[in-house]
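To keep things clear, I will list the structure first and then write my remarks on it.
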Amino acid sequence: MTTLAIRGGRVIDPAKSVDTIADLLIADGHIAEVGPYAGKDASETINASGLVVCPGFVDIHAHLREPGLEHKETIASGTRAAARGGFTTVCAMPNTEPPIDSAGMIEFVLRTAQTQGAVRVLPIACITRGRVGKELADLAELAQVGAVAFTDDGAPVADAHLMRSALEYAGMLGVPVIDHCEDAVLSAGGVMHEGWVSTRLGLRGNPAAAEETIVARDIALAEATGSHVHIAHVSTAGSVDIIRQAKSRAVRVTAEVTPHHLTLTHEAIIGAGEAPGGLAYDTNAKVNPPLRTQFDAEACAEGLRDGTIDCIATDHAPHAIQDKLCEFDTAAFGISGLETALGLALTALSLQEAVRALTIGPVRALGLDARIEGLGTLSAGAPGDVVLVEPEAEWTVEPETFASKGKNTPLAGRTLHGGVAATIYDGRIVFDGR
Amino acid sequence: MTQEKLGPPTAPAVAEPPRAWTRSHLLDVDDFAPAELEVVMQTTDAMKEVLGRDVPRVPALRGKTIVTLFYEASTRTRASFELAGKALGADVINISAGGSSVEKGESLIDTVRTLQAVGADVLVMRHWAAGAPYLVARHLQAAVINAGDGAHAHPTQALLDLYTIRNHLGDVRGRRVVIVGDIEHSRVARSNIWSLLAMGAEVIVCGPPTLLPAGLRSQKASRPTVEENGREAMALPPVQVETNLERALEGAEVVMTLRLQKERMQGGLLPSLREYATLYQLNEERMSRAQTGALVMHPGPMNEGIEISPGLASSLQSVIEEQVTNGVAVRMAVLYLIARGTKQ
């Protein structure tokens, strides 16, 4: 039996409110024991003194792009980026080409992940057939073959009747519906947050209200149906307020925020003033929902702290160079986020808050522990997924060194605090940055 | 063309670019210091003198290649850049997006790299996307002049407007300038605001709320705060916002009205052209609220009877034709100042 001991680290397991120096033993791909002197006779030992030892991070929102968009990312490259970022579980979004809306497509993702992936991949399926918002996909069949949630992410479900049906039907299956909340009529043509920067740059704005109106609609539908709706990438202070009120009424709503919406603002598009003319029009900061104001970012962080927002999800959206090296209006939306998630999370949150938001937070948000016992924890019997974090480590973001094919980040050259020392998935070291 | 025809070589029409000029691109006037605007104004004076000659040509840019690259239709801007380049002795090549490799799906970066490779010293570009010239300036050796980018900037229009105003009023300091119409979608308004404020004018923008930029009309969290906006120069300009044209015009010395795009009705931003004209048309009666002899300006092309009454457009107060004429001299000045710095 192969055993791996991680000794002398500061073990943080938010699910059990553990934060102590301890040893940890992984046997046969599962957590065997946490405590003093655990794993004295392990076949392999990692000295983790000075490091934080926590459950492998879980990302419930990543675009792995396969099939169809392999020039942007593949399951192989995306899961390596995940491992580099400390993630041992990633939920793959279904807006591929073709979209993941059938049992065969789910099986393709699972099979490819098994043969080529570096970490666990849990597929998310479309809500609607072809992801065009007209009729429901075969949700029961999709759930049966392994879809952990349903979403048309990248686009909202514009038709409120269809959204209601999706919630009712998915409720029967016990599977959450994730919505990308955006009134596409209100946001039409918008390429960034509507505010003073969009005015300054002459770019079409996407107003906060375009998100908030659909968040409110979805909550009303979740309340009416009793089903679970999960709000993807919350970006406005108004959305946080609406969700907070809904939770106080015990509506079954959960929510996520991205590392970039916690830490960056619409000013990132102007850049640092070094570009010719002082305006960068940085397409790497073009993302949907858009980077908003400092006020919004702080409201999102506060929402995470008080439990209104359940977790961090990266919305990892890798793109090829040519997708971003073009006019701002025509550039693709998205940030390659798996490899900078921890550093950004620690910019906005304390270490304990960040670990919770990256582990048990997302697991409970989507109910993933009902499928994989102990996921996101270090309980005995849980998956042998562990990340070793060096919280004080200072490093510079160099996109060219990313494992992801997507080098698109507005953080190039920026110094972040908090690095991943090693990632262990299924009892094996899948990334070693020590 | 012989040297003689170009004017006496011993008396160059234009002096060496003054030291206050260090720019290799003209992307906008948002960061122009008053001294730089003065340089352009003085150089334009010299260019007007050249244009007044029997043979309005000087060899100042002989051997330089200017490419105009237009992704949008244009009559006056393009024609005046071409005339300006030729009057300075440069070779001018005109390329439109339609009928070029752009139609075959070539990216902007590849197109401009090709133009640079064939020897363009100066690229004059108009593009429907805000920021496109900034992208090009970042990736190209050649000098870039922005001839209009989306709803963002139109610096040479602002410069020719400033020149025209100064011709009539002299110093613009403290003068009340009103810009009326579709501010939200207007690059002309955006650039004019910066140059006028830099020279000390008081600027009022006026239009219905649906045509005023979100960042100006909303006093909510979208306004930059001091903490949020450490770089003061990058903030929004301090203009006054007024939805009532009568109030805006009180005491105005310059009134610019903007072209109203007819598509704005389909976009649900306006009820009708008729209602727009009722509220916002610049006409003789409304102008009586402004100071006597206040200048009436329009960047063109005009919709007479909508944003401006035909009578006012052709009145003595109107300097609309003069704007067009000054456009050539200003663009000569800009081309001269920019192109002199490029590599031989």
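Each chain in the structure tokens gets a letter, A, B, ..., in the order shown, and its residues are numbered from 1; ligands are numbered from 1 in order too.
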Open item on the list: I'd like the neighbourhood of Pro155 in chain B as a PyMOL selection string, where a residue qualifies if any of its atoms comes within 9 Å (using only C-alpha atoms), though same-chain residues fewer than 3 positions away should be ignored.
Closed with: chain B and resi 26-30+145-148+158-160+187-188+191-192+195
I need the chosen residues saved as a tab-separated table (two decimals), in the first residue's frame, with C-alpha atoms.
```
chain	number	residue	atom	x	y	z
B	26	LEU	CA	-1.70	61.93	-31.82
B	27	LEU	CA	-4.25	59.68	-30.15
B	28	ASP	CA	-6.34	62.23	-28.27
B	29	VAL	CA	-5.99	65.69	-26.76
B	30	ASP	CA	-6.97	64.48	-23.29
B	145	ILE	CA	-2.82	59.85	-35.88
B	146	ASN	CA	-6.31	59.16	-34.66
B	147	ALA	CA	-8.86	60.40	-37.18
B	148	GLY	CA	-11.74	59.20	-35.02
B	158	ALA	CA	-11.09	69.30	-31.44
B	159	LEU	CA	-7.96	71.10	-32.59
B	160	LEU	CA	-9.68	72.65	-35.59
B	187	ARG	CA	-16.09	61.39	-30.16
B	188	VAL	CA	-16.20	65.04	-31.22
B	191	SER	CA	-12.19	65.40	-27.51
B	192	ASN	CA	-13.49	68.97	-27.53
B	195	SER	CA	-8.98	70.78	-25.25
```
Open item on the list: Write out as an NGL selection string the set of residues from range 195-387 of chain A that DSSP, computed on the backbone, places in helix (DSSP H, G or I).
Closed with: :A and (196-201 or 208-225 or 237-248 or 259-263 or 266-269 or 276-278 or 283-285 or 294-305 or 321-324 or 341-348 or 351-358 or 360-366 or 368-370)
- [ ] Excluding range 107-119 of chain A and residues on its chain fewer than 2 positions from it, collect all residues at most 7 Å away from it, counting only C-alpha atoms, and give them as a VMD selection string.
- [x] chain A and resid 75 to 76 79 to 80 83 88 to 89 103 to 105 121 123 425 430
TODO: Point out the residue among A:Pro362, A:Gly277, A:Pro383, A:Pro290 with the least atom-to-atom distance to chain B, counting only C-alpha atoms.
DONE: A:Gly277
TODO: Extract, using only C-alpha atoms, all DNA, RNA and protein residues at most 9 Å from Ala143 in chain B, discarding same-chain residues fewer than 3 positions from it, and format them as a ChimeraX atom specification.
DONE: /B:24-26,120-124,137,140,338-339,341-342
Please produce a file of those selected residues containing C-alpha atoms, as a compact mmCIF listing (two decimals), in the first residue's frame.
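Dumped everything to again07.txt:
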```txt
# COMPACT_ATOMS: atom_id res chain seq x y z
CA SER B 24 5.21 60.63 -31.69
CA HIS B 25 1.48 59.90 -31.96
CA LEU B 26 -1.70 61.93 -31.82
CA ALA B 120 4.30 54.02 -44.07
CA ASP B 121 5.78 56.72 -41.85
CA VAL B 122 2.48 58.01 -40.58
CA LEU B 123 -0.74 56.11 -40.26
CA VAL B 124 -3.87 58.22 -40.14
CA ALA B 137 0.37 52.65 -31.53
CA LEU B 140 3.82 49.72 -34.48
CA ILE B 338 4.20 64.27 -35.99
CA ALA B 339 5.93 63.26 -39.21
CA GLY B 341 9.98 63.09 -35.89
CA THR B 342 9.69 59.85 -37.84
```
Open item on the list: DSSP on the backbone: which residues in range 197-316 of chain B end up as strand (DSSP E or B)? Give the answer as a ChimeraX atom specification.
Closed with: /B:202-206,240-242,254-257,282,295-297,304,308
Using only C-alpha atoms and a distance of at most 6 Å, pull out the residues of chain A that contact chain B, as a PDB file with C-alpha atoms, in the first residue's frame.
```pdb
ATOM      1  CA  GLY A 195     -19.452  53.804 -15.330  1.00  0.00           C
ATOM      2  CA  TRP A 196     -16.950  56.590 -15.489  1.00  0.00           C
ATOM      3  CA  THR A 199     -17.490  57.078 -20.470  1.00  0.00           C
ATOM      4  CA  LEU A 201     -12.908  55.399 -22.998  1.00  0.00           C
ATOM      5  CA  GLY A 202     -15.958  55.765 -25.227  1.00  0.00           C
ATOM      6  CA  GLU A 327      -9.874  45.872 -31.009  1.00  0.00           C
TER       7      GLU A 327
END
```
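In this structure, CA of Ala393 in chain A sits 15.3 Å away from CA of Arg10 in chain A.
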Open item on the list: Which residues are near Ile179 in chain B? Cut-off 6 Å, only C-alpha atoms, ignore same chain within fewer than 6 positions. Put them as a PyMOL selection string.
Closed with: chain B and resi 205+255-257
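Considering the residues A:Val363, A:Val420, A:Ala317, A:Ala224 and counting only C-alpha atoms, Leu346 in chain A has its shortest atom-to-atom contact with A:Val420.
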Task: Residue among A:Cys326, A:Ile335, A:Ala5, A:Ala275 lying closest to Glu106 in chain B, counting only C-alpha atoms - done: A:Cys326
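Of the residues listed (B:Gly268, B:Pro56, B:Pro310, B:Gly327), B:Pro310 shows the shortest atom-to-atom separation from Leu282 in chain B; distances use only C-alpha atoms.
Straight-line separation from CA of Gly189 in chain A to CA of Asp159 in chain A: 19.6 Å.
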- [ ] Considering only C-alpha atoms, return as a PyMOL selection string whatever protein or nucleic-acid residues lie within 9 Å of range 43-56 of chain A, sequence-local ones (same chain, fewer than 6 positions apart) excluded.
- [x] chain A and resi 1-14+21+23-24+86-89+355+358-360+375-378+384-391+421+423-425
Using C-alpha atoms, can you export the residues from the last selection as a compact mmCIF listing (two decimals), in the first residue's frame?
```txt
# COMPACT_ATOMS: atom_id res chain seq x y z
CA MET A 1 0.00 0.00 0.00
CA THR A 2 1.44 3.42 -0.95
CA THR A 3 1.25 5.91 1.82
CA LEU A 4 2.14 9.58 1.82
CA ALA A 5 2.71 11.53 4.99
CA ILE A 6 2.66 15.29 5.16
CA ARG A 7 4.34 16.22 8.39
CA GLY A 8 4.68 19.33 10.51
CA GLY A 9 2.42 21.64 8.52
CA ARG A 10 -0.28 23.99 9.72
CA VAL A 11 -3.42 22.03 8.88
CA ILE A 12 -6.44 24.16 7.99
CA ASP A 13 -9.67 22.25 7.42
CA PRO A 14 -12.52 24.77 7.57
CA ILE A 21 0.03 22.05 13.48
CA ASP A 23 0.65 15.48 10.50
CA LEU A 24 -1.51 13.97 7.81
CA GLY A 86 -3.84 24.19 -6.05
CA PHE A 87 -7.11 22.82 -7.45
CA THR A 88 -7.77 19.10 -7.34
CA THR A 89 -11.37 19.24 -8.56
CA VAL A 355 -9.28 28.38 2.25
CA LEU A 358 -11.86 27.48 -2.09
CA THR A 359 -12.69 24.15 -0.39
CA ILE A 360 -15.81 23.37 1.60
CA LEU A 375 -14.75 16.23 -0.78
CA GLY A 376 -13.28 19.54 0.28
CA THR A 377 -12.32 18.26 3.74
CA LEU A 378 -9.49 16.37 5.40
CA GLY A 384 -6.55 12.15 -0.86
CA ASP A 385 -6.59 15.69 -2.27
CA VAL A 386 -4.35 18.13 -0.47
CA VAL A 387 -2.71 21.42 -1.30
CA LEU A 388 0.36 22.80 0.41
CA VAL A 389 0.29 26.56 0.52
CA GLU A 390 3.08 28.99 1.21
CA PRO A 391 0.98 31.93 2.38
CA ALA A 421 3.98 24.73 -2.89
CA THR A 423 -0.72 19.83 -5.04
CA ILE A 424 -1.62 16.27 -4.21
CA TYR A 425 -4.49 14.60 -6.01
```
- [ ] Name all residues at most 7 Å from Thr254 in chain A (count only C-alpha atoms; drop same-chain ones fewer than 5 positions away) and give them as a list in words.
- [x] Val229, His230, Ile231, Ile309, Asp310 and Ala365 of chain A
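The closest residue to Gln141 in chain B, picked from B:Thr156, B:Arg113, B:Tyr71, B:Ile165 and counting only C-alpha atoms, is B:Arg113.
Put simply, CA of Leu37 in chain B is 10.7 Å away from CA of Val334 in chain B.
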